[in-house]
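For reference, the structure discussed in these notes is given below.
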Amino acid sequence: MRVTLRHATPSDVADLVAMRNASRQDLTARFGKGPWSGQASEKGMLFQMRQGTIFIARRRNKLIAALTLSTRKPWAIDRKYFTPCKRPLYLTGMLVDPSLQRTGIGRLCIEEARRIGREWPADAICLDAWDADAGAGEFYRKCEFREVGRATYRTAPLIYFEMLL
């Protein structure tokens, strides 16, 4: 199986919102309420498009995955935990259709993100993940990200990860 990512456009916003809300409902059903439980909106998704570049994957015209890369440091990231580099790239969001999770699509998206990062060019991909059962820390470890720190933003415990390119 192969995943090809392309830039999302405003015409993809409704599908992105639907997948994000399906993912948030799935996490809330499995792990209870948490920072992952809020509802996404089209206005919020358009704002996210202005803050970074959203890449999407479709299969038979159905949205199956999305990830957001940005050269702008997210507010919850503390740079002191990361290896100093000139061109960090931040993975600020990643979604896989809940019905397709654990099928390898997420790992393929990370491989594409790594390829995109090298072409950007970037020196590292940095991210944070919830340090909770609903978090994706184990997934990022399996994708060869290295844990570099832990912090709490508001009430959400976070794990910081990086992948040097």
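Identifiers in the structure tokens: chain A, B, ... in order shown; residue index from 1 per chain; ligand index from 1 in order shown.
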### stretch 74-124 of chain A: residues DSSP assigns to strand (DSSP E or B), reported as a VMD selection string
chain A and resid 88 to 96 124
### Task
List the neighbours of stretch 99-104 of chain A out to 12 Å using only C-alpha atoms; skip same-chain residues closer than 5 positions along the sequence, and give me the result as a PyMOL selection string.
chain A and resi 1-3+19+22-23+26-27+59+62-65+94+109-111+136+139+142-143
### Query
Quick one: distance from atom CA of A:Leu5 to atom CA of A:Gly135 in Å, one decimal?
23.2 Å
### Query
How many Å lie between atom CA of A:Phe55 and atom CA of A:Ala129, rounded to one decimal?
18.9 Å
### Task
Please provide the set of residues having any atom within 9 Å of A:Arg146, restricted to only C-alpha atoms, with same-chain residues fewer than 6 positions apart removed, written as a list in words.
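What passes the distance filter is Tyr140, Tyr160, Phe161, Glu162, Met163 and Leu164 of chain A.
Using only C-alpha atoms, the contacts of A:Asn21 at a cut-off of 7 Å, with sequence neighbours closer than 4 positions omitted, comprise A:Val17, A:Gln25, A:Gln39, A:Ala40.
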## Note on the structure
atom CA of A:Pro157 to atom CA of A:Ile116 measures 28.6 Å
